[in-house]
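I have placed the structure first, in the form of structure tokens, so that the comments after it can refer back to it.
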Amino acid sequence: MMIRKQDILCLAGAAVFACSPLVLDAYWTDVLNNIGLYAILALSLNIILGQCGLFQMGHAAFFAIGAYTSAILNTMFDIPLLWTMPLAGILAGIFGLIVARPIIHLRGDYLLIVTIGIVEIIRIALINDVGGLTGGANGIFGIDRPMLFGLKIKRPYQFFYLIWGFCAVTIFLFHRLENSRFGRALNYIKDDDVAAEGSGIDISKYKLIAFVIGAFWAGMVGTIFAGKMKIISPESFSFWESVLLFTIVILGGMGSIRGVLLGAFLIIGLPEVFRDFASARMLIFGAAMVAMMIFRTQGLLPPLPRKYDVSRFFSKAEGEQS
Amino acid sequence: MEEFFQQLTNGLAVGGIYALIALGYTMVYGVLKLINFAHGDLFTIGAFLGLTLLTSLGLTDSVGPVAGLLVLAVMVVVLVGVVGYLLERIAYRPLRTSPRLSAVVSALGASIFFQNAIMLIWGARPLVYPHGLLPNITVDIFGVELPLIRIIMFAISVLLMCGLYYLTHKTRIGTAIRAAAIDQGAAKLMGIDVNRVISLVFMIGPALGGAAGVMVGLYYGQINFTMGWLYGLKAFTAAILGGIGNIPGAMLGGLLLGVVESLGAAYISIAWKDAISFLVLILILIVRPTGLLGERVADKV
């Protein structure tokens with residue numbers, strides 16, 4: 001396979017980006033870390049919303065479950081934080097499966113409203129200290145820093161490599177997923193679910209799998225978030241977090257990994273750049289959302305049309321004939 | 001029993017507010033099949049405008065509390081109606097033919113815009129309605145002492161709902177609204193100006209929401225810039241409960257939700273009060289997505 005020019009550019013860009021903590025101070029490195037966390041979360045939401053076209057606005061619920069799972073296991077049972085990551089993901093995934101099962105058939109905007117309801121119920125449950133585990137409105141504090149290969153990760157630049165390393169893995173895996181049989185099935189459901197069902201795709205099953213994958217990944221991000229903040233409280237998982245993630249995916253371009261990354265940089269990064277207009281930034285942001293939908297519905301960087309190598313198909317067909 | 005009646009009447013009063021807001025959702029949904037996420041914020045605008053007009057004009061001092069509040073309510077209703085009209089023209093009309101998601105995102109953007117505009121204009125801190133505008137007396141009904149304001153509020157919301165019912169079911173323009181809701185194309189062929197109908201719906205709905213905002217201000221005394229989305233979500237639940245797109249359904253749903261929430265808060269747990277409404281929302285969508293009186297909404301899988 002030939003190495004394309006694009007790939008080289010991407011790798012060079014990634015290499016330059018990886019050096020950025022060397023020149024940035026702790027504050028801006030931390031901003032990049034936040035962008036990274038939101039980027040991973042938005043990528044996981046992208047599977048559900050972007051690839052499969054399910055209007056899910058409760059993504060913060062899965063994120064919260066992951067973060068609380070890790071925090072509880074770490075503070076109560078002294079399990080090293082990163083060891084709790086798979087379990088955080090699995091619990092979030094199971095939760096996703098349980099809540100999505102009965103609502104998966106709802107039409108677009110109804111699903112959206114129900115998922116808002118779910119994220120609010122989760123937040124209220126966390127505030128009310130369910131089972132005496134979640135610490136009520138104060139949340140859980142004293143969470144350990146993550147340890148990786150015997151190295152304690154505590155400084156912003158260390159987190160930078162942890163978060164963006166995880167982000168790189170996410171991008172790679174989700175890119176593979178997008179171009180798999182599964183990814184194509186999800187896109188088909190998004191474009192025309194009746195035709196997809198007619199072609200033998202089990203819609204409910206695929207939608208559920210998309211939900212569970214998204215939830216699982218968001219849960220794992222929760223672990224990193226818990227380790228980064230050391231304190232988690234219900235306030236970190238409000239409805240607005242879900243709205244932010246939703247808009248990152250929509251503004252960036254539904255179903256496009258490049259677009260989602262760009263969206264994360266714009267929506268989390270730009271407000272930091274324009275701190276002077278801090279109070280008006282959300283106002284502009286709201287107006288921008290409206291303008292965006294009117295003038296560029298598909299998002300800033302919409303997914304490229306899928307490419308199929310026709311020549312390969314023909315040569316295979318000829319081979320079969322002869 | 002006393003406690004039960006107190007909670008029941010409180011639920012009806014709050015439910016009346018939910019119903020007024022829910023009417024805005026349901027009318028817009030009926031005509032455009034769009035969930036107007038910014039509707040809750042129009043309600044908040046109503047509450048804040050009411051407070052500003054109340055303190056700056058001093059109407060209640062010059063013409064007496066009842067007449068003053070009436071004039072005030074009319075002004076708020078007109079102003080919020082204008083905001084609703086502008087919202088439709090700017091944020092929704094260009095998206096009439098685009099995919100549904102675009103309009104939903106535009107609505108969310110408008111909601112964020114309004115919420116922050118309110119915060120920038122009136123500040124982030126909660127504001128307080130002046131005390132003692134309405135006499136703080138209780139009325140004895142069947143041996144239960146009920147605050148007068150609760151009864152007035154319930155009466156006003158019922159009155160407004162009756163007015164709306166009359167408008168939509170007994171007048172020419174109401175017939176046009178219902179026709180546009182059933183089939184826009186056919187309504188156009190019958191000579192109905194659908195664009196005008198939609199503009200009208202976007203004025204009536206927010207106007208009712210604005211009136212509800214003033215009532216919330218008077219009832220609870222405190223308003224803040226984020227209250228819109230919680231009320232909005234609950235009112236939306238009410239609209240779904242009654243069957244979205246169905247005007248009597250929204251009234252029924254609002255009152256029912258108010259009562260359920262109020263009784264739930266009293267007898268189950270006050271901390272879970274908001275969760276009860278969301279649970280009702282989820283259950284109704286799973287079990288009976290058509291709502292109590294409504295059309296079919298869920299796709300078959």
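By order in the structure tokens, chains are A, B, ...; within a chain, residues start at 1; ligands start at 1, following the order shown.
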Neighbour list for Leu23 in chain B as a list in words, cut-off 7 Å, only C-alpha atoms, skip fewer than 6 positions in-chain: Gly205, Ile247 and Ala250 of chain B
For the residues in the current selection, export all heavy atoms as a PDB file, in the first residue's frame.
ATOM      1  N   GLY B 205     -48.253  31.025  21.427  1.00  0.00           N
ATOM      2  CA  GLY B 205     -47.576  30.116  22.353  1.00  0.00           C
ATOM      3  C   GLY B 205     -46.682  30.866  23.322  1.00  0.00           C
ATOM      4  O   GLY B 205     -46.858  30.783  24.542  1.00  0.00           O
ATOM      5  N   ILE B 247     -54.321  20.155  21.875  1.00  0.00           N
ATOM      6  CA  ILE B 247     -54.428  21.290  22.794  1.00  0.00           C
ATOM      7  C   ILE B 247     -55.107  20.932  24.121  1.00  0.00           C
ATOM      8  O   ILE B 247     -54.551  21.203  25.184  1.00  0.00           O
ATOM      9  CB  ILE B 247     -55.081  22.487  22.080  1.00  0.00           C
ATOM     10  CG1 ILE B 247     -54.085  23.033  21.059  1.00  0.00           C
ATOM     11  CG2 ILE B 247     -55.492  23.565  23.061  1.00  0.00           C
ATOM     12  CD1 ILE B 247     -54.630  24.069  20.128  1.00  0.00           C
ATOM     13  N   ALA B 250     -52.620  19.019  26.268  1.00  0.00           N
ATOM     14  CA  ALA B 250     -51.594  19.768  26.989  1.00  0.00           C
ATOM     15  C   ALA B 250     -52.149  20.315  28.295  1.00  0.00           C
ATOM     16  O   ALA B 250     -51.475  20.319  29.323  1.00  0.00           O
ATOM     17  CB  ALA B 250     -51.079  20.910  26.119  1.00  0.00           C
TER      18      ALA B 250
END
Neighbouring residues of range 107-124 of chain A were defined as those with any atom within 9 Å, considering only C-alpha atoms; residues of the same chain fewer than 6 positions away were excluded. Please report them as a count of residues only.
42
Expressed in Å, the length from CA of Ala179 in chain B to CA of Leu164 in chain B is 15.9 Å
task: Show me which bits of chain A are within 7 Å of chain B, counting only C-alpha atoms, as number ranges by chain.
output: A: 102-103, 105-107, 114, 117, 121, 124, 128, 282-283, 286-287, 289-290, 293-294, 297
Query raised in the report: Pick from A:Ile232, A:Ala92, A:Met254, A:Leu300: nearest to Phe63 in chain A, with only C-alpha atoms counted?
Result: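 The closest residue to Phe63 in chain A is A:Ala92.
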Task: Contacts of Ala211 in chain B within 9 Å, only C-alpha atoms, excl. fewer than 4 positions in-chain, as a list in words - done: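 Using only C-alpha atoms, the neighbours found are Ile17, Leu20, Phe43, Gly46, Ala47, Gly50, Ala73, Val74, Val76, Val77, Val80, Pro206, Ala207, Met215 and Val216 of chain B.
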For this session: For range 66-69 of chain B, please output as number ranges by chain all residues within 10 Å (counting only C-alpha atoms; exclusion window: fewer than 5 positions along the same chain).
Result: B: 50, 54, 57-61, 74-75, 133-134, 214
Exercise. Out of A:Ala137, A:Leu45, A:Cys167, A:Val243, which residue has the shortest atom-to-atom distance to Ser256 in chain A when counting only C-alpha atoms?
Worked result: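 Closest residue, counting only C-alpha atoms: A:Leu45.
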Checklist entry - Running DSSP on the backbone, which parts of range 43-161 of chain A land in strand (DSSP E), as a list in words? => result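 Taking range 43-161 of chain A and keeping strand (DSSP E) gives Met147, Leu148, Leu151 and Lys152 of chain A.
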Given the selection you just returned, output its residues as a file containing N, CA and C atoms, formatted as a tab-separated table (two decimals), in the first residue's frame.
chain	number	residue	atom	x	y	z
A	147	MET	N	-1.45	6.04	37.94
A	147	MET	CA	-0.06	5.58	37.86
A	147	MET	C	0.11	4.82	36.55
A	148	LEU	N	1.14	5.17	35.80
A	148	LEU	CA	1.38	4.46	34.55
A	148	LEU	C	2.82	4.00	34.55
A	151	LEU	N	5.02	5.42	37.08
A	151	LEU	CA	5.16	6.87	37.09
A	151	LEU	C	3.83	7.50	37.49
A	152	LYS	N	3.87	8.37	38.49
A	152	LYS	CA	2.65	9.02	38.94
A	152	LYS	C	2.36	10.21	38.03
As a short mmCIF file (atom, residue, chain, number, x, y, z; two decimals) with all heavy atoms, in the first residue's frame, please: the residues near Leu255 in chain B (cut-off 9 Å, only C-alpha atoms, same-chain neighbours under 2 positions excluded).
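Heads up, here's the output in part29.cif:
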data_model
loop_
_atom_site.label_atom_id
_atom_site.label_comp_id
_atom_site.auth_asym_id
_atom_site.auth_seq_id
_atom_site.Cartn_x
_atom_site.Cartn_y
_atom_site.Cartn_z
N GLY B 11 -50.57 21.60 43.60
CA GLY B 11 -50.29 20.89 42.35
C GLY B 11 -51.11 21.45 41.21
O GLY B 11 -50.60 21.62 40.10
N LEU B 12 -52.37 21.77 41.48
CA LEU B 12 -53.22 22.31 40.42
C LEU B 12 -52.74 23.69 39.99
O LEU B 12 -52.72 24.01 38.80
CB LEU B 12 -54.67 22.39 40.89
CG LEU B 12 -55.42 21.06 40.95
CD1 LEU B 12 -56.79 21.25 41.55
CD2 LEU B 12 -55.54 20.45 39.56
N ALA B 13 -52.30 24.50 40.96
CA ALA B 13 -51.81 25.84 40.63
C ALA B 13 -50.55 25.76 39.78
O ALA B 13 -50.44 26.41 38.74
CB ALA B 13 -51.55 26.63 41.90
N VAL B 14 -49.60 24.92 40.22
CA VAL B 14 -48.36 24.75 39.46
C VAL B 14 -48.66 24.09 38.12
O VAL B 14 -48.10 24.46 37.08
CB VAL B 14 -47.34 23.92 40.27
CG1 VAL B 14 -46.10 23.67 39.46
CG2 VAL B 14 -46.99 24.64 41.55
N GLY B 15 -49.59 23.12 38.18
CA GLY B 15 -49.97 22.43 36.95
C GLY B 15 -50.57 23.37 35.92
O GLY B 15 -50.35 23.20 34.73
N GLY B 16 -51.29 24.39 36.41
CA GLY B 16 -51.84 25.39 35.49
C GLY B 16 -50.72 26.09 34.73
O GLY B 16 -50.82 26.34 33.52
N ILE B 17 -49.63 26.38 35.46
CA ILE B 17 -48.48 27.03 34.81
C ILE B 17 -47.85 26.08 33.79
O ILE B 17 -47.58 26.47 32.65
CB ILE B 17 -47.45 27.45 35.87
CG1 ILE B 17 -48.02 28.60 36.69
CG2 ILE B 17 -46.14 27.84 35.23
CD1 ILE B 17 -47.19 29.01 37.84
N TYR B 18 -47.64 24.83 34.20
CA TYR B 18 -47.09 23.85 33.26
C TYR B 18 -47.98 23.78 32.02
O TYR B 18 -47.50 23.70 30.90
CB TYR B 18 -47.01 22.46 33.88
CG TYR B 18 -45.98 22.31 34.97
CD1 TYR B 18 -46.08 21.30 35.91
CD2 TYR B 18 -44.89 23.18 35.04
CE1 TYR B 18 -45.13 21.16 36.90
CE2 TYR B 18 -43.94 23.05 36.03
CZ TYR B 18 -44.08 22.03 36.97
OH TYR B 18 -43.14 21.89 37.95
N ALA B 19 -49.28 23.78 32.24
CA ALA B 19 -50.21 23.65 31.12
C ALA B 19 -50.07 24.84 30.17
O ALA B 19 -50.03 24.66 28.95
CB ALA B 19 -51.64 23.54 31.63
N ALA B 238 -45.42 17.53 30.17
CA ALA B 238 -46.87 17.66 30.25
C ALA B 238 -47.50 17.54 28.87
O ALA B 238 -48.52 16.86 28.70
CB ALA B 238 -47.24 19.00 30.88
N ALA B 250 -52.62 19.02 26.27
CA ALA B 250 -51.59 19.77 26.99
C ALA B 250 -52.15 20.31 28.30
O ALA B 250 -51.48 20.32 29.32
CB ALA B 250 -51.08 20.91 26.12
N MET B 251 -53.41 20.77 28.26
CA MET B 251 -54.02 21.29 29.49
C MET B 251 -54.14 20.18 30.53
O MET B 251 -53.73 20.32 31.68
CB MET B 251 -55.41 21.85 29.19
CG MET B 251 -55.38 22.94 28.13
SD MET B 251 -57.05 23.43 27.69
CE MET B 251 -56.74 24.56 26.34
N LEU B 252 -54.68 19.04 30.09
CA LEU B 252 -54.84 17.90 30.99
C LEU B 252 -53.47 17.45 31.52
O LEU B 252 -53.30 17.24 32.73
CB LEU B 252 -55.53 16.76 30.23
CG LEU B 252 -55.74 15.48 31.01
CD1 LEU B 252 -56.81 15.70 32.06
CD2 LEU B 252 -56.14 14.34 30.09
N GLY B 253 -52.51 17.31 30.58
CA GLY B 253 -51.18 16.85 30.97
C GLY B 253 -50.54 17.77 31.99
O GLY B 253 -49.94 17.31 32.96
N LEU B 257 -49.56 16.58 35.64
CA LEU B 257 -48.15 16.55 36.04
C LEU B 257 -47.94 17.38 37.31
O LEU B 257 -47.23 16.96 38.22
CB LEU B 257 -47.26 17.07 34.92
CG LEU B 257 -45.78 16.91 35.21
CD1 LEU B 257 -45.37 15.46 35.08
CD2 LEU B 257 -44.94 17.78 34.30
N GLY B 258 -48.59 18.54 37.36
CA GLY B 258 -48.46 19.38 38.56
C GLY B 258 -48.90 18.63 39.80
O GLY B 258 -48.22 18.65 40.83
N VAL B 259 -50.04 17.94 39.71
CA VAL B 259 -50.57 17.22 40.87
C VAL B 259 -49.65 16.06 41.23
O VAL B 259 -49.30 15.87 42.41
CB VAL B 259 -52.00 16.72 40.57
CG1 VAL B 259 -52.47 15.78 41.64
CG2 VAL B 259 -52.94 17.90 40.44
N VAL B 260 -49.22 15.29 40.22
CA VAL B 260 -48.35 14.14 40.49
C VAL B 260 -47.07 14.60 41.18
O VAL B 260 -46.62 14.03 42.17
CB VAL B 260 -48.02 13.39 39.17
CG1 VAL B 260 -46.88 12.41 39.38
CG2 VAL B 260 -49.24 12.67 38.66
#
Note to self: Residues within 12 Å of Arg178 in chain B, please, as a ChimeraX atom specification. Count only C-alpha atoms; anything in the same chain fewer than 6 positions from it doesn't count.
What the structure shows: /B:26-32,165,167-172,184,186-187,192,194,197-198,201,245-247
- Message: To one decimal place in Å, what is the distance between CA of Gly222 in chain A and CA of Phe277 in chain A?
- Response: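 It comes out at 30.0 Å.
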